[in-house]
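**Q** Next comes model-v1.pdb, PDB, C-alpha atoms and all ligand atoms:
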ATOM      1  CA  MET T1032      20.117 -12.199   0.430
ATOM      2  CA  SER T1033      17.323 -14.220   1.966
ATOM      3  CA  PHE T1034      16.957 -11.556   4.596
ATOM      4  CA  PHE T1035      15.470  -9.176   2.092
ATOM      5  CA  GLU T1036      13.356 -11.693   0.286
ATOM      6  CA  SER T1037       9.815 -12.477   1.372
ATOM      7  CA  GLN T1038       9.723  -9.480   3.657
ATOM      8  CA  GLN T1039       7.800  -6.954   1.648
ATOM      9  CA  GLY T1040       4.321  -5.975   2.711
ATOM     10  CA  ASP T1041       1.602  -6.905   0.275
ATOM     11  CA  SER T1042       0.596  -4.383  -2.314
ATOM     12  CA  ASN T1043      -2.940  -3.797  -1.060
ATOM     13  CA  THR T1044      -1.523  -1.428   1.549
ATOM     14  CA  LYS T1045      -1.320   1.041  -1.318
ATOM     15  CA  THR T1046      -5.089   1.387  -1.488
ATOM     16  CA  ARG T1047      -5.378   3.181   1.852
ATOM     17  CA  ARG T1048      -3.684   6.297   3.008
ATOM     18  CA  ARG T1049      -0.510   5.381   4.812
ATOM     19  CA  SER T1050       0.172   6.563   8.306
ATOM     20  CA  TRP T1051       3.067   8.880   8.867
ATOM     21  CA  ARG T1052       5.036   6.168  10.682
ATOM     22  CA  ASP T1053       4.424   3.591   7.960
ATOM     23  CA  THR T1054       5.592   6.002   5.283
ATOM     24  CA  PHE T1055       8.619   7.787   6.656
ATOM     25  CA  ILE T1056      11.739   6.533   8.401
ATOM     26  CA  GLN T1057      11.429   7.996  11.892
ATOM     27  CA  LEU T1058      14.477  10.032  12.808
ATOM     28  CA  THR T1059      14.089  10.480  16.534
ATOM     29  CA  PRO T1060      16.845  11.671  18.878
ATOM     30  CA  GLY T1061      18.117   8.754  20.961
ATOM     31  CA  ASP T1062      16.501   6.161  18.669
ATOM     32  CA  PRO T1063      19.027   5.026  16.004
ATOM     33  CA  VAL T1064      17.562   3.341  12.936
ATOM     34  CA  THR T1065      19.113   0.994  10.406
ATOM     35  CA  VAL T1066      18.175   1.450   6.764
ATOM     36  CA  ARG T1067      19.102   0.259   3.300
ATOM     37  CA  ILE T1068      18.722   3.037   0.775
ATOM     38  CA  VAL T1069      17.241   1.594  -2.424
ATOM     39  CA  GLU T1070      17.689   4.633  -4.687
ATOM     40  CA  PRO T1071      21.238   4.911  -6.021
ATOM     41  CA  GLU T1072      20.981   8.573  -7.027
ATOM     42  CA  ILE T1073      19.253  11.645  -5.688
ATOM     43  CA  VAL T1074      17.742  13.390  -8.701
ATOM     44  CA  ALA T1075      15.453  16.401  -9.143
ATOM     45  CA  GLU T1076      12.369  14.256  -8.415
ATOM     46  CA  ASN T1077      13.745  13.498  -4.967
ATOM     47  CA  LYS T1078      13.075  17.016  -3.774
ATOM     48  CA  VAL T1079       9.982  18.544  -2.153
ATOM     49  CA  TRP T1080       9.650  22.267  -1.489
ATOM     50  CA  LYS T1081       8.138  23.217   1.834
ATOM     51  CA  HIS T1082       6.913  26.255   3.703
ATOM     52  CA  PHE T1083       6.870  26.762   7.437
ATOM     53  CA  ILE T1084       3.666  28.689   8.212
ATOM     54  CA  PRO T1085       4.111  30.339  11.617
ATOM     55  CA  GLN T1086       0.420  31.367  11.894
ATOM     56  CA  ALA T1087      -1.097  27.925  11.299
ATOM     57  CA  ARG T1088      -2.429  26.044  14.284
ATOM     58  CA  THR T1089      -1.610  22.403  15.012
ATOM     59  CA  LYS T1090      -3.880  19.854  16.622
ATOM     60  CA  ALA T1091      -2.280  20.563  19.999
ATOM     61  CA  GLY T1092      -3.126  24.255  19.609
ATOM     62  CA  ARG T1093       0.426  25.380  19.000
ATOM     63  CA  ARG T1094       1.326  27.693  16.162
ATOM     64  CA  GLY T1095       3.537  26.791  13.273
ATOM     65  CA  LEU T1096       3.227  24.047  10.685
ATOM     66  CA  THR T1097       5.354  22.846   7.786
ATOM     67  CA  VAL T1098       3.454  22.072   4.594
ATOM     68  CA  PRO T1099       4.592  21.007   1.131
ATOM     69  CA  CYS T1100       4.398  23.788  -1.469
ATOM     70  CA  PRO T1101       1.709  22.767  -3.986
ATOM     71  CA  GLY T1102       3.799  24.259  -6.812
ATOM     72  CA  ILE T1103       5.007  27.753  -7.561
ATOM     73  CA  GLU T1104       2.232  28.323 -10.164
ATOM     74  CA  VAL T1105      -0.623  27.674  -7.729
ATOM     75  CA  CYS T1106       0.856  28.318  -4.296
ATOM     76  CA  PRO T1107      -0.587  31.414  -2.558
ATOM     77  CA  ILE T1108       2.510  31.725  -0.373
ATOM     78  CA  CYS T1109       4.847  31.766  -3.365
ATOM     79  CA  ALA T1110       2.522  34.281  -5.061
ATOM     80  CA  ARG T1111       2.592  36.576  -2.037
ATOM     81  CA  ASN T1112       6.379  36.230  -1.743
ATOM     82  CA  LYS T1113       6.678  37.360  -5.322
ATOM     83  CA  GLU T1114       4.438  40.348  -4.615
ATOM     84  CA  LEU T1115       6.409  41.312  -1.512
ATOM     85  CA  GLY T1116       9.694  40.871  -3.309
ATOM     86  CA  ASP T1117      11.530  41.465  -0.053
ATOM     87  CA  ARG T1118      12.819  38.346   1.713
ATOM     88  CA  GLU T1119      13.181  40.319   4.942
ATOM     89  CA  HIS T1120       9.503  41.333   4.985
ATOM     90  CA  PRO T1121       7.751  39.798   8.035
ATOM     91  CA  ASP T1122       5.065  38.251   5.792
ATOM     92  CA  TYR T1123       7.603  36.582   3.524
ATOM     93  CA  ILE T1124       7.447  32.784   4.010
ATOM     94  CA  LYS T1125      10.407  31.282   2.271
ATOM     95  CA  ALA T1126      10.351  27.891   0.586
ATOM     96  CA  PHE T1127      13.019  25.409   1.609
ATOM     97  CA  PRO T1128      13.912  22.133  -0.060
ATOM     98  CA  SER T1129      13.558  18.770   1.601
ATOM     99  CA  PHE T1130      15.150  15.717   0.040
ATOM    100  CA  PHE T1131      14.157  12.079   0.104
ATOM    101  CA  ALA T1132      15.113   8.585  -1.008
ATOM    102  CA  HIS T1133      13.280   5.303  -0.666
ATOM    103  CA  ALA T1134      14.796   3.026   1.933
ATOM    104  CA  LEU T1135      14.072  -0.235   3.698
ATOM    105  CA  ASP T1136      13.537   0.260   7.401
ATOM    106  CA  LEU T1137      15.691  -2.534   8.866
ATOM    107  CA  THR T1138      15.457  -1.539  12.499
ATOM    108  CA  PRO T1139      14.460  -4.771  14.291
ATOM    109  CA  ARG T1140      11.007  -4.298  15.779
ATOM    110  CA  LYS T1141       8.430  -6.510  17.403
ATOM    111  CA  THR T1142       4.740  -5.793  17.753
ATOM    112  CA  CYS T1143       3.348  -6.818  21.128
ATOM    113  CA  ASP T1144       0.724  -9.525  20.608
ATOM    114  CA  LEU T1145      -1.327  -8.184  23.517
ATOM    115  CA  CYS T1146      -1.456  -4.433  22.996
ATOM    116  CA  LYS T1147      -0.022  -4.018  19.455
ATOM    117  CA  THR T1148       2.627  -1.562  20.628
ATOM    118  CA  VAL T1149       5.666  -1.646  18.354
ATOM    119  CA  ASN T1150       8.868  -2.220  20.330
ATOM    120  CA  THR T1151      12.582  -2.230  19.581
ATOM    121  CA  GLY T1152      13.411  -4.381  22.644
ATOM    122  CA  ASN T1153      12.221  -7.768  23.876
ATOM    123  CA  THR T1154       9.949  -6.354  26.555
ATOM    124  CA  CYS T1155       6.832  -4.402  25.670
ATOM    125  CA  THR T1156       7.299  -0.809  26.777
ATOM    126  CA  TYR T1157       3.571  -0.569  27.466
ATOM    127  CA  ASP T1158       2.686  -3.713  29.426
ATOM    128  CA  ASP T1159       6.037  -5.466  30.111
ATOM    129  CA  ASN T1160       4.911  -8.459  28.015
ATOM    130  CA  ASP T1161       7.843 -10.771  27.124
ATOM    131  CA  LEU T1162       8.352 -10.509  23.358
ATOM    132  CA  SER T1163      11.424 -12.747  23.050
ATOM    133  CA  LYS T1164       9.511 -15.575  21.326
ATOM    134  CA  LEU T1165       7.718 -13.312  18.853
ATOM    135  CA  PRO T1166       9.022 -12.965  15.280
ATOM    136  CA  LEU T1167      10.437  -9.671  14.052
ATOM    137  CA  ASP T1168       8.064  -7.343  12.212
ATOM    138  CA  GLU T1169       8.307  -7.312   8.428
ATOM    139  CA  THR T1170      10.822  -5.043   6.743
ATOM    140  CA  VAL T1171       8.982  -2.118   5.185
ATOM    141  CA  LEU T1172       9.900   0.130   2.286
ATOM    142  CA  LYS T1173       9.620   3.730   3.450
ATOM    143  CA  ILE T1174      10.768   7.188   2.548
ATOM    144  CA  LEU T1175      13.900   8.601   4.116
ATOM    145  CA  GLU T1176      13.363  12.341   4.197
ATOM    146  CA  GLY T1177      15.947  14.835   5.320
ATOM    147  CA  SER T1178      17.781  18.054   4.815
ATOM    148  CA  LYS T1179      20.382  18.771   2.193
ATOM    149  CA  THR T1180      22.975  18.461   4.972
ATOM    150  CA  MET T1181      21.848  14.941   5.821
ATOM    151  CA  PHE T1182      22.084  13.805   2.211
ATOM    152  CA  GLU T1183      25.461  15.509   1.841
ATOM    153  CA  GLN T1184      26.689  13.478   4.777
ATOM    154  CA  ILE T1185      25.322  10.321   3.187
ATOM    155  CA  ASP T1186      27.228  11.366   0.052
ATOM    156  CA  THR T1187      30.407  11.615   2.091
ATOM    157  CA  VAL T1188      29.899   8.097   3.424
ATOM    158  CA  GLU T1189      29.279   6.921  -0.118
ATOM    159  CA  SER T1190      32.569   8.351  -1.395
ATOM    160  CA  THR T1191      34.468   6.822   1.527
ATOM    161  CA  ILE T1192      33.301   3.211   1.252
ATOM    162  CA  GLN T1193      35.180   1.723  -1.693
ATOM    163  CA  ALA T1194      35.879  -1.727  -3.087
ATOM    164  CA  VAL T1195      37.393  -3.304  -6.181
ATOM    165  CA  TYR T1196      35.107  -2.727  -9.154
ATOM    166  CA  ASP T1197      32.768  -5.625  -9.801
ATOM    167  CA  PRO T1198      30.634  -5.446 -12.979
ATOM    168  CA  ASN T1199      28.029  -7.695 -11.347
ATOM    169  CA  ARG T1200      27.411  -5.543  -8.303
ATOM    170  CA  PRO T1201      24.247  -3.444  -8.880
ATOM    171  CA  SER T1202      25.176  -0.838  -6.254
ATOM    172  CA  MET T1203      28.247   0.234  -8.264
ATOM    173  CA  LEU T1204      26.017   2.168 -10.631
ATOM    174  CA  ALA T1205      28.273   5.213 -10.960
ATOM    175  CA  ALA T1206      31.236   3.015 -11.845
ATOM    176  CA  HIS T1207      29.157   1.096 -14.396
ATOM    177  CA  LYS T1208      28.569   4.424 -16.133
ATOM    178  CA  ASP T1209      32.140   5.707 -15.806
ATOM    179  CA  PRO T1210      34.119   5.176 -19.056
ATOM    180  CA  ARG T1211      37.476   5.399 -17.249
ATOM    181  CA  VAL T1212      36.513   2.642 -14.815
ATOM    182  CA  GLN T1213      35.239   0.539 -17.711
ATOM    183  CA  GLU T1214      38.499   1.021 -19.612
ATOM    184  CA  GLU T1215      40.634   0.079 -16.605
ATOM    185  CA  HIS T1216      38.481  -2.940 -15.915
ATOM    186  CA  LYS T1217      38.631  -4.173 -19.519
ATOM    187  CA  SER T1218      42.390  -3.883 -19.472
ATOM    188  CA  GLY T1219      42.376  -6.317 -16.558
ATOM    189  CA  ARG T1220      43.447  -3.922 -13.818
ATOM    190  CA  GLU T1221      41.778  -3.838 -10.425
ATOM    191  CA  VAL T1222      40.178  -0.479  -9.865
ATOM    192  CA  MET T1223      38.850   0.837  -6.570
ATOM    193  CA  VAL T1224      35.451   2.510  -6.826
ATOM    194  CA  PRO T1225      32.712   3.615  -4.404
ATOM    195  CA  VAL T1226      30.513   0.639  -3.556
ATOM    196  CA  GLY T1227      27.451   2.864  -3.910
ATOM    197  CA  ILE T1228      24.945   3.789  -1.232
ATOM    198  CA  THR T1229      22.628   0.849  -1.981
ATOM    199  CA  GLY T1230      25.458  -1.612  -1.314
ATOM    200  CA  TYR T1231      25.371  -1.682   2.497
ATOM    201  CA  ASN T1232      23.196  -0.816   5.472
ATOM    202  CA  LEU T1233      23.396   2.571   7.110
ATOM    203  CA  GLN T1234      22.722   3.386  10.704
ATOM    204  CA  LEU T1235      21.245   6.840  11.195
ATOM    205  CA  VAL T1236      21.892   8.383  14.570
ATOM    206  CA  THR T1237      19.785  11.425  15.384
ATOM    207  CA  THR T1238      20.854  13.921  18.015
ATOM    208  CA  ARG T1239      19.359  17.219  19.079
ATOM    209  CA  ASN T1240      21.348  20.218  20.193
ATOM    210  CA  ASP T1241      19.223  23.166  21.258
ATOM    211  CA  ASP T1242      16.735  23.334  18.386
ATOM    212  CA  ARG T1243      18.934  21.758  15.733
ATOM    213  CA  ARG T1244      18.491  18.124  14.815
ATOM    214  CA  THR T1245      21.528  16.371  13.399
ATOM    215  CA  VAL T1246      21.427  13.023  11.639
ATOM    216  CA  THR T1247      24.722  11.164  11.368
ATOM    217  CA  PRO T1248      24.926   8.268   8.891
ATOM    218  CA  VAL T1249      27.281   5.401   9.743
ATOM    219  CA  PRO T1250      27.920   2.352   7.522
ATOM    220  CA  ALA T1251      26.379  -0.632   9.319
ATOM    221  CA  SER T1252      27.147  -3.732   7.246
ATOM    222  CA  ALA T1253      29.749  -5.139   4.892
ATOM    223  CA  PRO T1254      29.103  -4.364   1.200
ATOM    224  CA  ASP T1255      26.981  -6.998  -0.543
ATOM    225  CA  ASP T1256      25.282  -7.750  -3.867
ATOM    226  CA  PHE T1257      21.918  -6.305  -2.882
ATOM    227  CA  ASP T1258      19.933  -5.265  -5.945
ATOM    228  CA  TYR T1259      18.034  -2.015  -5.359
ATOM    229  CA  ARG T1260      16.178  -2.449  -8.669
ATOM    230  CA  GLU T1261      13.913  -5.046  -7.069
ATOM    231  CA  TYR T1262      12.231  -2.231  -5.178
ATOM    232  CA  GLU T1263      11.717   0.274  -7.971
ATOM    233  CA  ASN T1264       8.138  -0.805  -8.595
ATOM    234  CA  GLN T1265       7.291  -0.336  -4.908
ATOM    235  CA  TYR T1266       8.227   3.311  -4.662
ATOM    236  CA  ILE T1267       5.689   5.365  -2.743
ATOM    237  CA  SER T1268       4.193   8.158  -4.779
ATOM    238  CA  LYS T1269       4.847  11.685  -3.538
ATOM    239  CA  TRP T1270       1.103  12.231  -3.713
ATOM    240  CA  ASP T1271       0.497   9.404  -1.272
ATOM    241  CA  ALA T1272       3.351  10.258   1.057
ATOM    242  CA  TRP T1273       2.846  13.920   1.798
ATOM    243  CA  LEU T1274      -0.461  15.427   2.697
ATOM    244  CA  LEU T1275      -0.952  17.901  -0.118
ATOM    245  CA  LEU T1276      -3.142  20.894   0.595
ATOM    246  CA  THR T1277      -4.999  23.016  -1.912
ATOM    247  CA  SER T1278      -4.109  26.682  -2.363
ATOM    248  CA  ASP T1279      -7.320  27.681  -0.537
ATOM    249  CA  GLU T1280      -6.388  25.486   2.400
ATOM    250  CA  ILE T1281      -2.886  26.953   2.526
ATOM    251  CA  LEU T1282      -4.355  30.441   2.453
ATOM    252  CA  GLU T1283      -6.533  29.548   5.437
ATOM    253  CA  LEU T1284      -3.515  28.256   7.333
ATOM    254  CA  VAL T1285      -1.679  31.510   6.658
ATOM    255  CA  GLN T1286      -4.701  33.273   8.139
ATOM    256  CA  GLY T1287      -4.375  31.227  11.323
ATOM    257  CA  ALA T1288      -6.647  28.241  10.656
ATOM    258  CA  SER T1289      -5.959  24.867  12.218
ATOM    259  CA  LEU T1290      -5.062  21.893  10.083
ATOM    260  CA  VAL T1291      -7.482  19.551  11.806
ATOM    261  CA  GLU T1292     -10.418  21.910  11.132
ATOM    262  CA  LEU T1293      -9.413  22.156   7.488
ATOM    263  CA  LEU T1294      -9.267  18.407   7.123
ATOM    264  CA  LYS T1295     -12.593  17.948   8.882
ATOM    265  CA  ALA T1296     -14.130  20.417   6.455
ATOM    266  CA  ARG T1297     -12.554  18.582   3.571
ATOM    267  CA  ASN T1298     -13.863  15.208   4.740
ATOM    268  CA  SER T1299     -17.386  16.432   5.339
ATOM    269  CA  SER T1300     -17.471  17.848   1.829
ATOM    270  CA  GLY T1301     -17.253  14.312   0.533
ATOM    271  CA  ASN T1302     -13.601  13.807  -0.203
ATOM    272  CA  SER T1303     -12.028  10.540   0.785
ATOM    273  CA  SER T1304     -10.983  10.211   4.384
ATOM    274  CA  LEU T1305      -7.605  11.578   5.209
ATOM    275  CA  ASP T1306      -5.201  10.861   7.975
ATOM    276  CA  THR T1307      -4.923  14.004  10.073
ATOM    277  CA  ASP T1308      -1.862  12.640  11.826
ATOM    278  CA  ALA T1309       0.391  13.275   8.878
ATOM    279  CA  GLY T1310       3.213  14.574  10.997
ATOM    280  CA  LEU T1311       2.645  18.096   9.831
TER     281      LEU T1311
HETATM  282 ZN    ZN T1401       4.878  27.725  -2.389
HETATM  283 ZN    ZN T1402       2.191  -4.802  24.947
END
Please lay out the structure from this file as structure tokens.
**A**
Amino acid sequence: MSFFESQQGDSNTKTRRRSWRDTFIQLTPGDPVTVRIVEPEIVAENKVWKHFIPQARTKAGRRGLTVPCPGIEVCPICARNKELGDREHPDYIKAFPSFFAHALDLTPRKTCDLCKTVNTGNTCTYDDNDLSKLPLDETVLKILEGSKTMFEQIDTVESTIQAVYDPNRPSMLAAHKDPRVQEEHKSGREVMVPVGITGYNLQLVTTRNDDRRTVTPVPASAPDDFDYREYENQYISKWDAWLLLTSDEILELVQGASLVELLKARNSSGNSSLDTDAGL
């Protein structure tokens, strides 16, 4: 597994706010990515509630912005929804769940030594510089965020890819916990079990039809003994990953404010600098 060793960024990157691209696996139509999911199970903590605020203005002056819900107890949108009671009311802004798992971004990339553009090919897309002699960029631990549908499809892949149970393979977590598998194994029989989603690479192919984005996961390597536990202490905190707004800020967005103005106001009031390009 030398490929995975020595490739993690150093930990001081955690002291600054991460850019959107450094934090999240980019699922762009026409730009397949290869990842290794390093979380074997999607649990309650792997969910973020979001609101789409149609009135909010983006940097480009368009309307409509998705923001994480700061929590049902403090969120002004959730409070108003409760007051309205009627999901069909035009002012009702529903909350929808988004799911995530930590994953290594294994898409081979090279950063142009002249202009610093990150490329997936051997020619810089910006200045045609020949990148063939440059080393690949480091593998980075990121967050793979997606819809319930995307994670259900990943689940389907997971149930399809099976191998003979091996007690030493970390990815076979579910089988390690399954008493029936353990019994079969102890009695000396070979038992087929799911390898587990951390046991192989996945290629994620994003397509767009009309306004709907579809992400299709495809297994992209043979199962191996990769140990996801090595990455547990590098998980990115939710609070660092998503730009969390206060209830006052959310209220202003609902009233048609622009995110960039809100963040400028926040910065000038002495809070630490924030990345306004948070993909919101
Ligand atoms: Zn809310
Ligand atoms: Zn370049």
**Q** Could you please extract the residues within 8 Å of ligand ZN 1402 (chain T), counting all atoms listed in the file, and hand them back as a JSON list (two decimals) with C-alpha atoms, keeping the file's coordinate frame?
**A**
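For reference, out-v2.json as written:
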[["chain", "number", "residue", "atom", "x", "y", "z"],
["T", 1142, "THR", "CA", 4.74, -5.79, 17.75],
["T", 1143, "CYS", "CA", 3.35, -6.82, 21.13],
["T", 1144, "ASP", "CA", 0.72, -9.52, 20.61],
["T", 1145, "LEU", "CA", -1.33, -8.18, 23.52],
["T", 1146, "CYS", "CA", -1.46, -4.43, 23.00],
["T", 1147, "LYS", "CA", -0.02, -4.02, 19.45],
["T", 1148, "THR", "CA", 2.63, -1.56, 20.63],
["T", 1155, "CYS", "CA", 6.83, -4.40, 25.67],
["T", 1156, "THR", "CA", 7.30, -0.81, 26.78],
["T", 1157, "TYR", "CA", 3.57, -0.57, 27.47],
["T", 1158, "ASP", "CA", 2.69, -3.71, 29.43],
["T", 1159, "ASP", "CA", 6.04, -5.47, 30.11],
["T", 1160, "ASN", "CA", 4.91, -8.46, 28.02]]
**Q** Between CA of Arg1297 (chain T) and CA of Ala1087 (chain T), what is the spacing in Å?
**A**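 Atom-to-atom, CA of Ala1087 (chain T) and CA of Arg1297 (chain T) are spaced 16.7 Å apart.
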**Q** Once the PyMOL selection byres (((chain T and resi 1128) around 6) and not hetatm) is applied to the coordinates I shared, what remains selected? I want it as a VMD selection string.
**A** chain T and resid 1079 to 1080 1127 1129
**Q** Per residue of chain T within 8 Å of ligand ZN 1401 (chain T), what are the shortest atom pair and its distance in Å to one decimal, counting only C-alpha atoms and all ligand atoms, with rows by chain and residue number, as a Markdown table?
**A**
| residue | atom | partner | partner_atom | distance |
| --- | --- | --- | --- | --- |
| T:Trp1080 | CA | T:ZN1401 | ZN | 7.3 |
| T:Lys1081 | CA | T:ZN1401 | ZN | 7.0 |
| T:His1082 | CA | T:ZN1401 | ZN | 6.6 |
| T:Pro1099 | CA | T:ZN1401 | ZN | 7.6 |
| T:Cys1100 | CA | T:ZN1401 | ZN | 4.1 |
| T:Pro1101 | CA | T:ZN1401 | ZN | 6.1 |
| T:Gly1102 | CA | T:ZN1401 | ZN | 5.7 |
| T:Ile1103 | CA | T:ZN1401 | ZN | 5.2 |
| T:Val1105 | CA | T:ZN1401 | ZN | 7.7 |
| T:Cys1106 | CA | T:ZN1401 | ZN | 4.5 |
| T:Pro1107 | CA | T:ZN1401 | ZN | 6.6 |
| T:Ile1108 | CA | T:ZN1401 | ZN | 5.1 |
| T:Cys1109 | CA | T:ZN1401 | ZN | 4.2 |
| T:Ala1110 | CA | T:ZN1401 | ZN | 7.5 |
| T:Ala1126 | CA | T:ZN1401 | ZN | 6.2 |
**Q** Which residues are near region 1253-1268 of chain T? Cut-off 10 Å, all atoms listed in the file, ignore same chain within fewer than 2 positions. Put them as a PyMOL selection string.
**A** chain T and resi 1032+1035-1036+1039-1040+1042+1045+1049+1054+1067-1071+1132-1135+1172-1174+1192-1194+1197+1199-1203+1226-1232+1250-1251+1270-1273
**Q** Please produce a file of the residues just selected, as an mmCIF file, in the frame of the given file, where the atoms kept are C-alpha atoms.
**A**
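Saved result, out_19.cif, follows:
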data_model
loop_
_atom_site.group_PDB
_atom_site.id
_atom_site.type_symbol
_atom_site.label_atom_id
_atom_site.label_comp_id
_atom_site.auth_asym_id
_atom_site.auth_seq_id
_atom_site.Cartn_x
_atom_site.Cartn_y
_atom_site.Cartn_z
ATOM 1 C CA MET T 1032 20.117 -12.199 0.430
ATOM 2 C CA PHE T 1035 15.470 -9.176 2.092
ATOM 3 C CA GLU T 1036 13.356 -11.693 0.286
ATOM 4 C CA GLN T 1039 7.800 -6.954 1.648
ATOM 5 C CA GLY T 1040 4.321 -5.975 2.711
ATOM 6 C CA SER T 1042 0.596 -4.383 -2.314
ATOM 7 C CA LYS T 1045 -1.320 1.041 -1.318
ATOM 8 C CA ARG T 1049 -0.510 5.381 4.812
ATOM 9 C CA THR T 1054 5.592 6.002 5.283
ATOM 10 C CA ARG T 1067 19.102 0.259 3.300
ATOM 11 C CA ILE T 1068 18.722 3.037 0.775
ATOM 12 C CA VAL T 1069 17.241 1.594 -2.424
ATOM 13 C CA GLU T 1070 17.689 4.633 -4.687
ATOM 14 C CA PRO T 1071 21.238 4.911 -6.021
ATOM 15 C CA ALA T 1132 15.113 8.585 -1.008
ATOM 16 C CA HIS T 1133 13.280 5.303 -0.666
ATOM 17 C CA ALA T 1134 14.796 3.026 1.933
ATOM 18 C CA LEU T 1135 14.072 -0.235 3.698
ATOM 19 C CA LEU T 1172 9.900 0.130 2.286
ATOM 20 C CA LYS T 1173 9.620 3.730 3.450
ATOM 21 C CA ILE T 1174 10.768 7.188 2.548
ATOM 22 C CA ILE T 1192 33.301 3.211 1.252
ATOM 23 C CA GLN T 1193 35.180 1.723 -1.693
ATOM 24 C CA ALA T 1194 35.879 -1.727 -3.087
ATOM 25 C CA ASP T 1197 32.768 -5.625 -9.801
ATOM 26 C CA ASN T 1199 28.029 -7.695 -11.347
ATOM 27 C CA ARG T 1200 27.411 -5.543 -8.303
ATOM 28 C CA PRO T 1201 24.247 -3.444 -8.880
ATOM 29 C CA SER T 1202 25.176 -0.838 -6.254
ATOM 30 C CA MET T 1203 28.247 0.234 -8.264
ATOM 31 C CA VAL T 1226 30.513 0.639 -3.556
ATOM 32 C CA GLY T 1227 27.451 2.864 -3.910
ATOM 33 C CA ILE T 1228 24.945 3.789 -1.232
ATOM 34 C CA THR T 1229 22.628 0.849 -1.981
ATOM 35 C CA GLY T 1230 25.458 -1.612 -1.314
ATOM 36 C CA TYR T 1231 25.371 -1.682 2.497
ATOM 37 C CA ASN T 1232 23.196 -0.816 5.472
ATOM 38 C CA PRO T 1250 27.920 2.352 7.522
ATOM 39 C CA ALA T 1251 26.379 -0.632 9.319
ATOM 40 C CA TRP T 1270 1.103 12.231 -3.713
ATOM 41 C CA ASP T 1271 0.497 9.404 -1.272
ATOM 42 C CA ALA T 1272 3.351 10.258 1.057
ATOM 43 C CA TRP T 1273 2.846 13.920 1.798
#
**Q** Kindly give the distance, in Å, that separates CA of Thr1237 (chain T) and CA of Met1181 (chain T), rounded to a single decimal.
**A**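 It comes out at 10.4 Å.
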**Q** Excluding region 1207-1212 of chain T and its own-chain neighbours fewer than 5 positions away, which residues fall within 8 Å of it when counting all atoms listed in the file? Please give them as a PyMOL selection string.
**A** chain T and resi 1196+1198+1222
**Q** Restricting the calculation to all atoms listed in the file: of T:Leu1284, T:Val1236, T:Arg1140, T:Asp1242, which residue gets closest to Thr1059 (chain T)?
**A** T:Val1236
**Q** Enter the distance from CA of Thr1065 (chain T) to CA of Phe1130 (chain T), in Å, rounded to one decimal.
**A** 18.4 Å
**Q** From the list T:Leu1165, T:Pro1139, T:Leu1175, T:Lys1125, which residue is nearest Lys1113 (chain T) when using only C-alpha atoms?
**A**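 The answer is T:Lys1125, which sits nearest to Lys1113 (chain T).
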**Q** Write out as a list of chain:residue names the residues lying within 8 Å of Phe1131 (chain T), counting all atoms listed in the file and excluding same-chain residues fewer than 6 positions away.
**A**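 Near neighbours after the sequence-gap exclusion: T:Ile1073, T:Asn1077, T:Lys1078, T:Ile1174, T:Leu1175, T:Glu1176, T:Gly1177.
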**Q** Do you have, as JSON lines, the list of residues of region 1052-1087 of chain T lying at most 10 Å from region 1244-1249 of chain T, each with its nearest atom pair and that distance in Å to one decimal, counting all atoms listed in the file and ordered by chain then number?
**A**
{"residue": "T:Leu1058", "atom": "CA", "partner": "T:Val1246", "partner_atom": "CA", "distance": 7.7}
{"residue": "T:Thr1059", "atom": "CA", "partner": "T:Arg1244", "partner_atom": "CA", "distance": 9.0}
{"residue": "T:Pro1060", "atom": "CA", "partner": "T:Arg1244", "partner_atom": "CA", "distance": 7.8}
{"residue": "T:Pro1063", "atom": "CA", "partner": "T:Val1246", "partner_atom": "CA", "distance": 9.4}
{"residue": "T:Val1064", "atom": "CA", "partner": "T:Pro1248", "partner_atom": "CA", "distance": 9.7}
{"residue": "T:Thr1065", "atom": "CA", "partner": "T:Val1249", "partner_atom": "CA", "distance": 9.3}
{"residue": "T:Val1066", "atom": "CA", "partner": "T:Pro1248", "partner_atom": "CA", "distance": 9.8}
**Q** Please write as a PyMOL selection string the full residue list that the PyMOL selection byres (((chain T and resi 1293) around 12) and not hetatm) yields on this file.
**A** chain T and resi 1087-1090+1276-1277+1279-1284+1287-1292+1294-1300+1305+1307
**Q** Using only C-alpha atoms, find the one residue out of T:Leu1274, T:Val1074, T:Leu1115, T:Ala1205 that sits nearest to Trp1051 (chain T).
**A**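 Looking only at the distances to Trp1051 (chain T), the closest residue turns out to be T:Leu1274.
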**Q** Using all atoms listed in the file, find the one residue out of T:Ile1124, T:Ala1206, T:Leu1167, T:Val1224 that sits nearest to Lys1141 (chain T).
**A** T:Leu1167
